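Structure data (mmCIF, C-alpha atoms (C1' of nucleotides)) from protein-v6.cif:
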data_model
#
loop_
_atom_site.label_atom_id
_atom_site.label_comp_id
_atom_site.auth_asym_id
_atom_site.auth_seq_id
_atom_site.Cartn_x
_atom_site.Cartn_y
_atom_site.Cartn_z
CA MET A 736 18.68 19.50 76.20
CA ALA A 737 22.38 18.90 75.85
CA ILE A 738 23.03 18.04 79.47
CA LYS A 739 21.11 16.83 82.44
CA TYR A 740 22.04 17.19 86.09
CA GLU A 741 20.91 14.60 88.55
CA LEU A 742 21.24 15.39 92.25
CA VAL A 743 21.95 12.07 93.97
CA HIS A 744 22.67 12.98 97.56
CA VAL A 745 23.31 15.95 99.79
CA ASP A 746 25.75 15.54 102.69
CA LYS A 747 23.59 15.79 105.81
CA ASN A 748 26.19 17.76 107.72
CA SER A 749 27.15 20.22 105.01
CA GLY A 750 25.76 21.55 101.78
CA ALA A 751 27.90 19.25 99.65
CA ARG A 752 26.15 17.75 96.65
CA LEU A 753 26.76 14.40 95.04
CA GLY A 754 25.36 14.20 91.55
CA VAL A 755 25.67 12.95 88.01
CA LEU A 756 26.16 15.19 85.02
CA HIS A 757 24.94 13.64 81.77
CA THR A 758 26.51 15.04 78.61
CA PRO A 759 26.55 13.96 74.96
CA HIS A 760 29.97 12.45 75.59
CA GLY A 761 29.59 10.70 78.86
CA SER A 762 28.04 10.89 82.29
CA PHE A 763 30.16 12.11 85.15
CA GLU A 764 29.87 11.90 88.88
CA THR A 765 30.08 15.28 90.53
CA PRO A 766 31.77 17.08 92.18
CA ILE A 767 34.32 16.85 89.40
CA PHE A 768 37.63 18.51 88.64
CA MET A 769 38.35 19.36 85.01
CA PRO A 770 41.94 19.78 83.78
CA VAL A 771 42.53 22.82 81.60
CA GLY A 772 43.58 22.38 78.00
CA THR A 773 43.54 25.96 76.77
CA GLN A 774 44.98 25.46 73.30
CA ALA A 775 43.45 22.02 72.70
CA THR A 776 46.19 20.47 74.79
CA VAL A 777 46.54 19.88 78.49
CA LYS A 778 50.10 21.14 78.47
CA THR A 779 52.69 18.36 78.04
CA LEU A 780 50.21 15.46 78.12
CA SER A 781 48.90 13.24 75.33
CA SER A 782 45.17 12.56 75.06
CA LYS A 783 45.85 9.03 76.27
CA GLU A 784 47.50 10.36 79.39
CA ILE A 785 44.76 12.95 79.95
CA LYS A 786 42.30 10.11 79.92
CA GLU A 787 44.25 8.39 82.69
CA VAL A 788 44.46 11.41 84.98
CA SER A 789 41.07 13.04 84.44
CA ASP A 790 37.51 11.99 84.97
CA GLY A 791 36.82 12.48 81.28
CA LEU A 792 35.84 16.13 81.13
CA ILE A 793 38.35 18.84 80.20
CA LEU A 794 38.47 22.49 79.17
CA GLY A 795 39.41 24.38 76.04
CA ASN A 796 39.56 28.11 75.40
CA THR A 797 37.64 30.24 72.94
CA TYR A 798 40.01 33.20 72.76
CA HIS A 799 43.20 31.24 72.21
CA LEU A 800 41.80 28.79 69.67
CA TRP A 801 40.12 31.63 67.82
CA LEU A 802 43.49 33.36 67.44
CA GLN A 803 45.36 30.19 66.72
CA PRO A 804 44.80 28.15 64.67
CA GLY A 805 41.32 29.66 64.13
CA ASP A 806 38.01 28.04 64.99
CA ASP A 807 37.41 27.24 61.31
CA ILE A 808 40.36 24.87 61.27
CA VAL A 809 39.27 23.28 64.54
CA LYS A 810 35.80 22.89 63.10
CA GLU A 811 37.22 21.08 60.08
CA HIS A 812 38.67 18.51 62.45
CA GLY A 813 35.25 17.98 63.91
CA GLY A 814 35.77 20.42 66.76
CA ILE A 815 38.28 20.28 69.62
CA ARG A 816 37.49 16.63 70.25
CA GLY A 817 38.56 15.66 66.78
CA PHE A 818 41.39 18.16 66.68
CA MET A 819 43.15 16.84 69.77
CA LYS A 820 41.78 13.30 69.54
CA TRP A 821 39.90 13.53 72.79
CA ASP A 822 37.02 11.12 73.13
CA GLY A 823 35.78 12.44 76.44
CA ALA A 824 33.57 15.42 77.10
CA LEU A 825 34.56 19.05 76.78
CA LEU A 826 33.81 22.47 78.16
CA THR A 827 35.02 25.72 76.65
CA ASP A 828 35.53 29.03 78.35
CA SER A 829 34.26 32.02 76.43
CA GLY A 830 37.22 34.37 76.52
CA GLY A 831 35.78 36.18 79.52
CA PHE A 832 38.81 35.35 81.61
CA GLN A 833 41.05 36.96 79.00
CA VAL A 834 39.16 40.19 79.63
CA PHE A 835 40.77 39.93 83.06
CA SER A 836 44.15 38.38 82.32
CA LEU A 837 44.84 40.52 79.25
CA ALA A 838 43.51 43.69 80.84
CA ASP A 839 46.28 45.91 79.49
CA ILE A 840 45.70 45.03 75.85
CA ARG A 841 41.93 45.21 75.71
CA ASN A 842 39.05 47.65 75.71
CA ILE A 843 35.49 47.02 76.88
CA SER A 844 32.35 48.51 75.37
CA GLU A 845 28.68 47.58 75.35
CA GLU A 846 29.21 45.82 72.04
CA GLY A 847 32.01 43.60 73.30
CA VAL A 848 35.73 43.60 73.93
CA THR A 849 38.51 44.73 71.63
CA PHE A 850 41.83 42.97 72.09
CA LYS A 851 45.14 43.93 70.58
CA HIS A 852 46.78 40.68 69.49
CA HIS A 853 49.90 40.29 71.60
CA LEU A 854 51.91 38.90 68.67
CA SER A 855 50.60 40.47 65.47
CA GLY A 856 49.25 43.68 66.96
CA ALA A 857 46.01 43.11 65.04
CA THR A 858 42.80 44.44 66.54
CA LEU A 859 40.33 41.70 67.42
CA ASN A 860 36.70 42.11 68.29
CA LEU A 861 35.13 39.59 70.58
CA THR A 862 31.42 40.04 71.15
CA PRO A 863 28.96 37.87 73.08
CA GLU A 864 27.60 36.63 69.74
CA LYS A 865 31.05 35.96 68.31
CA ALA A 866 32.09 34.03 71.42
CA ILE A 867 29.09 31.73 70.98
CA GLU A 868 29.72 31.33 67.26
CA ILE A 869 33.32 30.33 67.93
CA GLN A 870 32.22 27.90 70.62
CA ASN A 871 29.65 26.42 68.23
CA ASN A 872 32.58 25.71 65.94
CA LEU A 873 34.78 24.35 68.70
CA GLY A 874 31.98 21.94 69.54
CA ALA A 875 32.29 21.48 73.29
CA ASP A 876 29.47 19.85 75.27
CA ILE A 877 29.31 22.76 77.66
CA ILE A 878 30.00 26.34 76.63
CA MET A 879 30.16 29.63 78.51
CA SER A 880 28.49 32.97 78.07
CA PHE A 881 30.90 35.76 77.25
CA ASP A 882 31.37 37.70 80.47
CA GLU A 883 33.61 40.32 81.93
CA CYS A 884 35.72 38.93 84.74
CA PRO A 885 36.50 42.12 86.67
CA PRO A 886 39.12 42.48 89.39
CA PHE A 887 37.55 41.39 92.70
CA HIS A 888 37.96 44.78 94.34
CA SER A 889 36.55 46.96 91.60
CA ASP A 890 34.48 49.77 93.08
CA TYR A 891 30.77 49.26 93.48
CA ASP A 892 29.59 51.50 90.67
CA TYR A 893 31.95 49.94 88.18
CA MET A 894 31.01 46.47 89.32
CA LYS A 895 27.32 47.18 89.02
CA ASP A 896 27.69 48.41 85.45
CA SER A 897 29.89 45.44 84.64
CA VAL A 898 27.48 42.88 86.08
CA LEU A 899 24.51 44.38 84.29
CA ARG A 900 26.46 44.30 81.05
CA THR A 901 27.52 40.69 81.65
CA ILE A 902 23.84 39.83 82.10
CA ARG A 903 22.93 41.57 78.85
CA TRP A 904 25.77 39.73 77.14
CA ALA A 905 24.53 36.42 78.51
CA LYS A 906 21.12 37.09 76.99
CA ARG A 907 22.61 38.11 73.65
CA GLY A 908 24.69 34.96 73.59
CA LYS A 909 21.77 32.70 74.31
CA GLU A 910 19.77 34.27 71.50
CA VAL A 911 22.34 33.33 68.85
CA HIS A 912 23.32 29.91 70.21
CA GLN A 913 22.78 27.48 67.35
CA PHE A 914 22.89 24.09 69.03
CA PRO A 915 21.30 24.21 72.48
CA GLU A 916 20.38 20.56 72.09
CA LYS A 917 24.05 19.61 71.62
CA GLN A 918 25.89 22.24 73.66
CA ALA A 919 24.77 23.42 77.07
CA LEU A 920 25.29 27.16 77.51
CA PHE A 921 26.03 28.33 81.05
CA GLY A 922 25.50 31.77 82.51
CA ILE A 923 28.24 33.25 84.68
CA VAL A 924 27.61 34.91 88.03
CA GLN A 925 29.75 37.98 88.66
CA GLY A 926 29.61 40.76 91.23
CA GLY A 927 32.94 40.70 93.04
CA PRO A 928 32.57 41.08 96.80
CA TYR A 929 29.12 42.71 96.61
CA LYS A 930 26.43 40.32 97.76
CA ASP A 931 23.51 42.31 96.40
CA LEU A 932 25.11 42.34 92.95
CA ARG A 933 25.85 38.64 93.10
CA LYS A 934 22.27 37.91 94.13
CA MET A 935 20.84 40.16 91.47
CA CYS A 936 23.08 38.49 88.89
CA ILE A 937 21.87 35.00 89.79
CA GLU A 938 18.26 36.09 89.70
CA GLU A 939 18.58 37.72 86.31
CA LEU A 940 20.52 34.81 84.82
CA THR A 941 17.93 32.39 86.17
CA LYS A 942 15.22 34.37 84.41
CA ILE A 943 17.09 33.98 81.13
CA ASP A 944 17.26 30.29 82.06
CA PHE A 945 20.45 28.34 81.51
CA PRO A 946 21.14 24.61 81.88
CA GLY A 947 23.94 25.39 84.32
CA TYR A 948 25.49 28.29 86.21
CA SER A 949 29.10 29.26 86.72
CA ILE A 950 30.57 31.39 89.44
CA GLY A 951 33.19 33.69 88.03
CA GLY A 952 35.29 36.50 89.38
CA LEU A 953 36.70 34.45 92.23
CA SER A 954 40.27 33.25 92.77
CA VAL A 955 41.40 36.44 91.07
CA GLY A 956 43.50 37.87 93.87
CA GLU A 957 41.07 38.14 96.77
CA THR A 958 41.79 36.38 100.08
CA LYS A 959 40.59 32.86 100.69
CA LYS A 960 38.28 34.14 103.40
CA GLU A 961 36.67 36.55 100.97
CA MET A 962 36.19 33.75 98.48
CA TYR A 963 34.78 31.30 101.03
CA ASP A 964 32.42 33.93 102.44
CA MET A 965 31.05 34.60 98.99
CA LEU A 966 30.65 30.88 98.24
CA GLU A 967 28.75 30.43 101.46
CA TYR A 968 26.47 33.31 100.59
CA LEU A 969 25.87 32.13 97.02
CA LYS A 970 25.07 28.58 98.10
CA ASP A 971 21.46 29.38 98.93
CA TYR A 972 20.74 31.33 95.78
CA MET A 973 22.16 29.04 93.10
CA PRO A 974 19.44 26.94 91.39
CA LYS A 975 19.41 23.52 93.00
CA ASP A 976 18.43 21.53 89.94
CA LYS A 977 21.31 22.76 87.79
CA PRO A 978 25.06 22.13 87.92
CA ARG A 979 27.16 24.79 89.65
CA TYR A 980 30.58 25.45 88.26
CA LEU A 981 33.20 27.40 90.21
CA MET A 982 35.56 28.72 87.57
CA GLY A 983 39.31 28.70 88.00
CA VAL A 984 39.58 27.01 91.35
CA GLY A 985 41.83 24.09 91.98
CA SER A 986 44.01 24.19 95.09
CA PRO A 987 43.09 21.22 97.29
CA ASP A 988 41.75 23.35 100.14
CA ASP A 989 39.65 25.47 97.79
CA LEU A 990 38.20 22.39 96.12
CA ILE A 991 37.06 21.01 99.45
CA MET A 992 35.69 24.36 100.58
CA GLY A 993 33.93 24.75 97.26
CA VAL A 994 32.26 21.36 97.53
CA LEU A 995 31.21 22.12 101.10
CA ASN A 996 29.44 25.12 99.64
CA GLY A 997 27.58 23.16 97.03
CA ILE A 998 29.87 23.41 94.01
CA ASP A 999 29.70 20.60 91.45
CA MET A 1000 32.38 21.46 88.92
CA PHE A 1001 35.85 22.99 89.03
CA ASP A 1002 38.67 23.70 86.64
CA CYS A 1003 42.11 25.11 87.24
CA VAL A 1004 45.51 25.51 85.63
CA LEU A 1005 47.21 25.25 89.02
CA PRO A 1006 48.08 21.52 89.01
CA THR A 1007 49.67 21.66 85.57
CA ARG A 1008 51.27 25.07 85.99
CA ILE A 1009 52.98 24.36 89.30
CA ALA A 1010 54.01 21.00 87.86
CA ARG A 1011 55.85 22.71 85.02
CA HIS A 1012 57.44 25.01 87.58
CA GLY A 1013 58.62 22.12 89.71
CA SER A 1014 56.04 21.64 92.47
CA ALA A 1015 54.04 18.52 93.23
CA MET A 1016 50.88 18.05 95.26
CA THR A 1017 51.13 15.24 97.79
CA SER A 1018 48.91 13.95 100.57
CA ASN A 1019 51.32 15.60 103.01
CA GLY A 1020 51.30 18.96 101.32
CA LYS A 1021 52.88 20.64 98.36
CA ILE A 1022 56.54 19.96 97.74
CA VAL A 1023 59.02 21.80 95.56
CA ILE A 1024 60.65 18.84 93.89
CA LYS A 1025 63.52 20.97 92.56
CA ASN A 1026 64.80 21.41 96.11
CA LYS A 1027 68.15 19.96 97.15
CA LEU A 1028 66.30 18.13 99.89
CA TYR A 1029 65.18 15.56 97.32
CA GLU A 1030 68.55 15.01 95.68
CA LYS A 1031 68.88 11.52 97.11
CA ASP A 1032 65.24 10.83 97.99
CA MET A 1033 64.48 7.33 96.78
CA GLY A 1034 60.76 7.57 97.57
CA PRO A 1035 57.91 8.43 95.18
CA LEU A 1036 56.41 11.93 94.92
CA ASP A 1037 53.58 10.77 97.19
CA SER A 1038 53.79 7.49 99.06
CA ASN A 1039 50.00 7.32 99.17
CA CYS A 1040 49.61 7.67 95.42
CA ASP A 1041 49.25 4.81 92.97
CA CYS A 1042 49.67 6.76 89.75
CA PHE A 1043 52.12 5.65 87.07
CA VAL A 1044 54.69 8.22 88.16
CA CYS A 1045 54.58 7.30 91.82
CA LYS A 1046 54.72 3.59 91.05
CA ASN A 1047 57.78 3.98 88.86
CA HIS A 1048 59.89 7.01 89.66
CA THR A 1049 61.84 8.38 92.61
CA ARG A 1050 61.82 11.97 93.79
CA SER A 1051 65.53 11.93 93.16
CA TYR A 1052 65.02 11.07 89.48
CA ILE A 1053 62.31 13.69 88.99
CA ARG A 1054 64.44 16.34 90.67
CA HIS A 1055 67.28 15.34 88.38
CA LEU A 1056 65.03 15.86 85.35
CA PHE A 1057 64.18 19.37 86.51
CA LYS A 1058 67.77 20.28 87.27
CA GLY A 1059 68.74 19.02 83.82
CA LYS A 1060 65.87 20.95 82.22
CA GLU A 1061 64.51 17.73 80.80
CA MET A 1062 60.89 18.14 79.77
CA LEU A 1063 59.96 14.70 81.02
CA GLY A 1064 60.10 16.17 84.53
CA GLN A 1065 57.31 18.57 83.68
CA ARG A 1066 55.30 15.80 82.11
CA LEU A 1067 55.65 13.42 85.00
CA VAL A 1068 54.68 15.98 87.63
CA SER A 1069 51.77 17.28 85.51
CA TYR A 1070 50.56 13.72 85.25
CA HIS A 1071 50.88 13.15 88.97
CA ASN A 1072 49.27 16.43 90.04
CA LEU A 1073 46.22 15.84 87.89
CA TYR A 1074 45.95 12.30 89.16
CA PHE A 1075 46.25 13.63 92.70
CA LEU A 1076 43.26 15.93 92.18
CA LYS A 1077 41.29 13.22 90.43
CA ASN A 1078 41.87 11.03 93.44
CA LEU A 1079 41.00 13.85 95.84
CA MET A 1080 37.66 14.38 94.10
CA LYS A 1081 36.95 10.68 94.29
CA GLN A 1082 37.56 10.72 98.04
CA ILE A 1083 35.37 13.79 98.35
CA ARG A 1084 32.51 12.04 96.55
CA GLU A 1085 32.83 9.00 98.77
CA ALA A 1086 32.80 11.21 101.84
CA ILE A 1087 29.62 12.98 100.70
CA LYS A 1088 27.97 9.65 100.08
CA GLU A 1089 28.64 8.78 103.72
CA ASP A 1090 27.82 12.25 105.09
CA ARG A 1091 31.33 12.71 106.44
CA LEU A 1092 32.79 15.43 104.25
CA LEU A 1093 33.39 17.70 107.25
CA GLU A 1094 35.47 15.02 108.94
CA PHE A 1095 37.30 14.36 105.69
CA LYS A 1096 38.08 18.04 105.44
CA GLU A 1097 39.58 18.09 108.93
CA GLU A 1098 41.76 15.07 108.25
CA PHE A 1099 42.88 16.32 104.88
CA PHE A 1100 43.75 19.81 106.07
CA LYS A 1101 45.71 18.40 109.00
CA LYS A 1102 47.84 16.29 106.69
CA TYR A 1103 48.12 18.72 103.79
CA TYR A 1104 48.61 21.99 105.62
CA GLY A 1105 49.99 20.66 108.89
"C1'" G B 1456 114.86 34.62 71.24
"C1'" G B 1457 111.49 38.99 69.33
"C1'" A B 1458 106.46 41.67 69.21
"C1'" G B 1459 101.79 42.21 71.14
"C1'" G B 1460 97.35 40.82 74.33
"C1'" G B 1461 95.64 39.15 79.00
"C1'" G B 1462 95.07 37.33 84.40
"C1'" U B 1463 88.26 40.36 88.32
"C1'" A B 1464 83.77 36.35 93.02
"C1'" G B 1465 81.92 28.70 91.38
"C1'" C B 1466 82.21 29.83 85.68
"C1'" G B 1467 81.86 33.64 81.68
"C1'" A B 1468 82.40 38.81 81.51
"C1'" A B 1469 82.09 44.55 82.63
"C1'" G B 1470 84.84 48.13 85.34
"C1'" A B 1471 90.61 51.84 83.84
"C1'" G B 1472 91.97 56.64 90.74
"C1'" G B 1473 86.88 57.92 95.17
"C1'" C B 1474 79.58 57.13 93.66
"C1'" U B 1475 82.80 49.41 93.94
"C1'" A B 1476 81.74 44.02 98.06
"C1'" A B 1477 82.54 45.12 92.46
"C1'" A B 1478 77.38 45.75 86.56
"C1'" C B 1479 75.45 41.77 83.61
"C1'" G B 1480 74.86 36.54 82.16
"C1'" C B 1481 75.31 31.41 83.59
"C1'" G B 1482 75.39 28.09 87.55
"C1'" G B 1483 73.65 27.41 92.76
"C1'" C B 1484 69.84 28.10 96.80
"C1'" A B 1485 64.89 29.38 98.11
"C1'" G B 1486 59.87 31.27 97.16
"C1'" A B 1487 55.44 32.32 94.21
"C1'" C B 1488 51.87 30.44 90.85
"C1'" U B 1489 43.90 29.32 91.12
"C1'" G B 1490 38.07 30.06 83.96
"C1'" U B 1491 47.02 29.47 80.99
"C1'" A B 1492 50.42 35.78 76.66
"C1'" A B 1493 53.56 31.28 82.30
"C1'" A B 1494 59.23 25.13 80.48
"C1'" U B 1495 57.27 31.69 83.85
"C1'" C B 1496 58.16 35.29 87.60
"C1'" U B 1497 60.57 37.04 92.34
"C1'" G B 1498 64.44 37.07 96.05
"C1'" C B 1499 69.30 35.54 97.84
"C1'" U B 1500 74.21 33.97 96.19
"C1'" C B 1501 82.85 36.70 99.30
"C1'" C B 1502 83.10 35.70 105.07
"C1'" C B 1503 81.01 36.79 110.07
"C1'" A B 1504 78.41 36.53 116.64
"C1'" A B 1505 75.61 40.57 110.61
"C1'" C B 1506 70.35 47.87 110.27
"C1'" G B 1507 77.20 46.47 111.88
"C1'" G B 1508 82.05 44.44 110.99
"C1'" G B 1509 86.04 41.64 108.25
"C1'" U B 1510 88.86 40.16 104.02
"C1'" U B 1511 88.93 40.80 98.13
"C1'" C B 1512 90.00 41.87 91.81
"C1'" G B 1513 97.49 36.58 89.86
"C1'" G B 1514 101.99 37.51 93.91
"C1'" C B 1515 105.04 41.14 96.23
"C1'" G B 1516 106.54 46.21 96.75
"C1'" G B 1517 105.49 51.36 95.68
"C1'" U B 1518 102.73 56.30 94.32
"C1'" U B 1519 98.27 58.67 96.58
"C1'" C B 1520 94.20 61.51 101.68
"C1'" G B 1521 92.19 57.22 98.75
"C1'" A B 1522 93.96 51.81 94.08
"C1'" A B 1523 90.68 46.21 91.02
"C1'" A B 1524 92.20 50.61 88.39
"C1'" C B 1525 98.72 54.36 88.22
"C1'" C B 1526 104.31 52.67 88.69
"C1'" G B 1527 108.12 48.68 89.51
"C1'" U B 1528 108.99 43.66 89.77
"C1'" C B 1529 107.96 38.49 89.70
"C1'" C B 1530 104.65 34.31 88.22
"C1'" C B 1531 101.14 32.24 84.76
"C1'" C B 1532 98.07 32.16 80.02
"C1'" C B 1533 97.06 33.41 74.67
"C1'" U B 1534 98.36 35.19 69.54
"C1'" C B 1535 101.94 36.40 65.83
"C1'" C B 1536 107.21 36.48 64.06
"C1'" A B 1537 111.96 33.72 64.27
#
Reformat the file's structure so that it appears as structure tokens.
Amino acid sequence: MAIKYELVHVDKNSGARLGVLHTPHGSFETPIFMPVGTQATVKTLSSKEIKEVSDGLILGNTYHLWLQPGDDIVKEHGGIRGFMKWDGALLTDSGGFQVFSLADIRNISEEGVTFKHHLSGATLNLTPEKAIEIQNNLGADIIMSFDECPPFHSDYDYMKDSVLRTIRWAKRGKEVHQFPEKQALFGIVQGGPYKDLRKMCIEELTKIDFPGYSIGGLSVGETKKEMYDMLEYLKDYMPKDKPRYLMGVGSPDDLIMGVLNGIDMFDCVLPTRIARHGSAMTSNGKIVIKNKLYEKDMGPLDSNCDCFVCKNHTRSYIRHLFKGKEMLGQRLVSYHNLYFLKNLMKQIREAIKEDRLLEFKEEFFKKYYG
RNA sequence: GGAGGGGUAGCGAAGAGGCUAAACGCGGCAGACUGUAAAUCUGCUCCCAACGGGUUCGGCGGUUCGAAACCGUCCCCCUCCA
């Protein structure tokens, strides 16, 4: 088996799990947050910097690397790890999210999904088998089944068809997976807001038997309450001896709520995207560093942070970089935001260890959201 | 001295009698962003006690029911010829 999940402790007052995830490229304490590096780069950061602001596990993307430069070229480099000179562990998404995000240039059938390349106009066929083949070439430690990520509020009949198809696709993918001993293939739970579909999906995926399970189709436009309700429901049905990965979630409140509902792994573009757009996460809430308010602010982004950026640069300087369209601004805030989440996850793990995650949540929310 | 061209909101630049408080771009201010088609997108940006009102298009004076637009005059800028 490529990975092994070890459940170390469950918070006595919540369902939060403390564990260790063993992979071919390192063992990681969970819950863990994984920065997203879609095109074999966590945007703006070098692999050395990624190492400093992550816990050693990051994401790559099947669809984008398949289109460019092509998984064959990545394979020649020894996979994504060799390509981007990343010596930590890796997880790749299957392209399932692109079925959602590129909805207007794709077509779904039983066989797979046809995309129209947004640049060349070429027609591209991504099937469950192809997605696994590409991921075999990309060489991540953890890979995803090809799924359809449908809009949360799709109607019941559509959702049911979609979930059943996603289950069939998961099975097809597993059957062609070449290196189960090197790469752990996860199944992805879909079903939108429909609890019976979600439950059925977990049960069917569990029958196929995967080394880990992802929860997809959340944080795609539904309300936080809808997402939290679903997480609470799913908590009791997810296999306890396997890692649980909530895909695409990364705002501080959602991370805490996810952990409280038994999630072990998260990834999200939010910290790096809002950083590039000029917002920083701080222990007192999100700030828009571009604002005039910070023109003469001599303090660090977050006075409670000990990252390189906070130890060395003022808010005034970082605002200046943004106003001057200097790319260092985007780099510095990306660095800080990822470090902030890394630190948040560390605090969460410590709180679980001491059975006080609920108290931690209260304190954190009070400071972060006022 | 002669011949043309031009002066529009913080800047650049449309508009050539009513649909114009004046397109568009930049700049400025604010907001959004959740398995990355995102260094992106959205809103506001003459003044005010603002679902209404008040002042604008170099200055002044006219024509007209009505002018940033037409006429006169003055001021300033640019190009060419002496």
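Those residues returned by the PyMOL selection byres ((chain A) within 8 of (chain B)) for this file are Thr773, Asp828, Gly831, Phe832, Leu837, His853, Gly951, Ser954, Val955, Met982, Gly983, Val984, Gly985, Ser986, Asp1002, Cys1003, Val1004, Leu1005, Arg1008, Ile1009, Arg1011, His1012, Met1062 and Gln1065 of chain A.
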What do you get, as a compact mmCIF listing (two decimals) with C-alpha atoms (C1' of nucleotides), keeping the file's coordinate frame, if you spell out every residue that the PyMOL selection byres ((chain B and resi 1463) around 8) selects here?
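Wrote it out as part.txt, contents follow:
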# COMPACT_ATOMS: atom_id res chain seq x y z
C1' A B 1464 83.77 36.35 93.02
C1' C B 1512 90.00 41.87 91.81
C1' A B 1523 90.68 46.21 91.02
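Against this structure, the PyMOL selection byres ((chain B and resi 1516) around 12) ends up with B:G1514, B:C1515, B:G1517, B:U1518, B:C1526, B:G1527, B:U1528, B:C1529.
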Would you mind exporting C-alpha atoms (C1' of nucleotides) of the selected residues as a short mmCIF file (atom, residue, chain, number, x, y, z; two decimals), in the frame of the given file?
data_model
loop_
_atom_site.label_atom_id
_atom_site.label_comp_id
_atom_site.auth_asym_id
_atom_site.auth_seq_id
_atom_site.Cartn_x
_atom_site.Cartn_y
_atom_site.Cartn_z
"C1'" G B 1514 101.99 37.51 93.91
"C1'" C B 1515 105.04 41.14 96.23
"C1'" G B 1517 105.49 51.36 95.68
"C1'" U B 1518 102.73 56.30 94.32
"C1'" C B 1526 104.31 52.67 88.69
"C1'" G B 1527 108.12 48.68 89.51
"C1'" U B 1528 108.99 43.66 89.77
"C1'" C B 1529 107.96 38.49 89.70
#
query: Hey, what's within 9 Å of region 879-892 of chain A if we count only C-alpha atoms (C1' of nucleotides) and toss same-chain stuff fewer than 5 positions away? As JSON, numbers by chain, please?
result: {"A": [826, 827, 828, 829, 830, 831, 832, 833, 834, 835, 836, 843, 847, 848, 861, 862, 863, 864, 865, 866, 867, 870, 897, 898, 900, 901, 902, 904, 905, 906, 907, 908, 909, 919, 920, 921, 922, 923, 924, 925, 926, 927, 928, 929, 932, 949, 951, 952, 953, 954, 955, 956, 957]}
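Computed from the coordinates, the CA of Leu742 (chain A) to CA of Arg979 (chain A) distance equals 11.4 Å.
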Is it possible to get the residues within 10 Å of (52.6, 12.0, 85.7) (coordinates as in the file, counting all atoms listed in the file) written as a PDB file with C-alpha atoms, keeping the file's coordinate frame?
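So the final result, stored in selection.pdb, reads:
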ATOM      1  CA  THR A 779      52.690  18.360  78.040  1.00  0.00           C
ATOM      2  CA  LEU A 780      50.210  15.460  78.120  1.00  0.00           C
ATOM      3  CA  GLU A 784      47.500  10.360  79.390  1.00  0.00           C
ATOM      4  CA  ILE A 785      44.760  12.950  79.950  1.00  0.00           C
ATOM      5  CA  GLU A 787      44.250   8.390  82.690  1.00  0.00           C
ATOM      6  CA  VAL A 788      44.460  11.410  84.980  1.00  0.00           C
ATOM      7  CA  ALA A1010      54.010  21.000  87.860  1.00  0.00           C
ATOM      8  CA  LEU A1036      56.410  11.930  94.920  1.00  0.00           C
ATOM      9  CA  CYS A1042      49.670   6.760  89.750  1.00  0.00           C
ATOM     10  CA  PHE A1043      52.120   5.650  87.070  1.00  0.00           C
ATOM     11  CA  VAL A1044      54.690   8.220  88.160  1.00  0.00           C
ATOM     12  CA  CYS A1045      54.580   7.300  91.820  1.00  0.00           C
ATOM     13  CA  HIS A1048      59.890   7.010  89.660  1.00  0.00           C
ATOM     14  CA  LEU A1063      59.960  14.700  81.020  1.00  0.00           C
ATOM     15  CA  GLY A1064      60.100  16.170  84.530  1.00  0.00           C
ATOM     16  CA  GLN A1065      57.310  18.570  83.680  1.00  0.00           C
ATOM     17  CA  ARG A1066      55.300  15.800  82.110  1.00  0.00           C
ATOM     18  CA  LEU A1067      55.650  13.420  85.000  1.00  0.00           C
ATOM     19  CA  VAL A1068      54.680  15.980  87.630  1.00  0.00           C
ATOM     20  CA  SER A1069      51.770  17.280  85.510  1.00  0.00           C
ATOM     21  CA  TYR A1070      50.560  13.720  85.250  1.00  0.00           C
ATOM     22  CA  HIS A1071      50.880  13.150  88.970  1.00  0.00           C
ATOM     23  CA  ASN A1072      49.270  16.430  90.040  1.00  0.00           C
ATOM     24  CA  LEU A1073      46.220  15.840  87.890  1.00  0.00           C
ATOM     25  CA  TYR A1074      45.950  12.300  89.160  1.00  0.00           C
ATOM     26  CA  PHE A1075      46.250  13.630  92.700  1.00  0.00           C
TER      27      PHE A1075
END
message: Need to verify the contact set: Leu995 (chain A), 6 Å, all atoms listed in the file, exclusion of same-chain residues closer than 6 positions in sequence. Can you return it as a PyMOL selection string?
response: chain A and resi 749-751
What's around G1513 (chain B) at 10 Å? Count all atoms listed in the file, leave out sequence neighbours fewer than 4 positions away in its own chain, and write the answer as a PDB file with C-alpha atoms (C1' of nucleotides), keeping the file's coordinate frame.
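Contents of the output file around_27.pdb:
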ATOM      1  C1'   G B1462      95.070  37.330  84.400  1.00  0.00           C
ATOM      2  C1'   C B1530     104.650  34.310  88.220  1.00  0.00           C
ATOM      3  C1'   C B1531     101.140  32.240  84.760  1.00  0.00           C
TER       4        C B1531
END
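With CA of Ile877 (chain A) on one side and CA of Lys851 (chain A) on the other, the separation reads 27.4 Å.
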message: Tell me which residues come within 7 Å of (98.5, 38.9, 71.2), as a PyMOL selection string, counting only C-alpha atoms (C1' of nucleotides) in the file's coordinates.
response: chain B and resi 1459-1460+1533-1535
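Here CA of Pro759 (chain A) is placed at a distance of 21.7 Å from CA of Glu910 (chain A).
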All residues 12 Å or closer to G1465 (chain B), only C-alpha atoms (C1' of nucleotides), same chain fewer than 2 positions away omitted, as a PyMOL selection string: chain B and resi 1467+1481-1483+1500-1501
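Every protein or nucleic acid residue with an atom no more than 6 Å from region 1016-1021 of chain A, counting all atoms listed in the file and leaving out same-chain residues fewer than 6 positions away, appears here: Asp1037, Asn1072, Lys1102, Tyr1103 and Tyr1104 of chain A.
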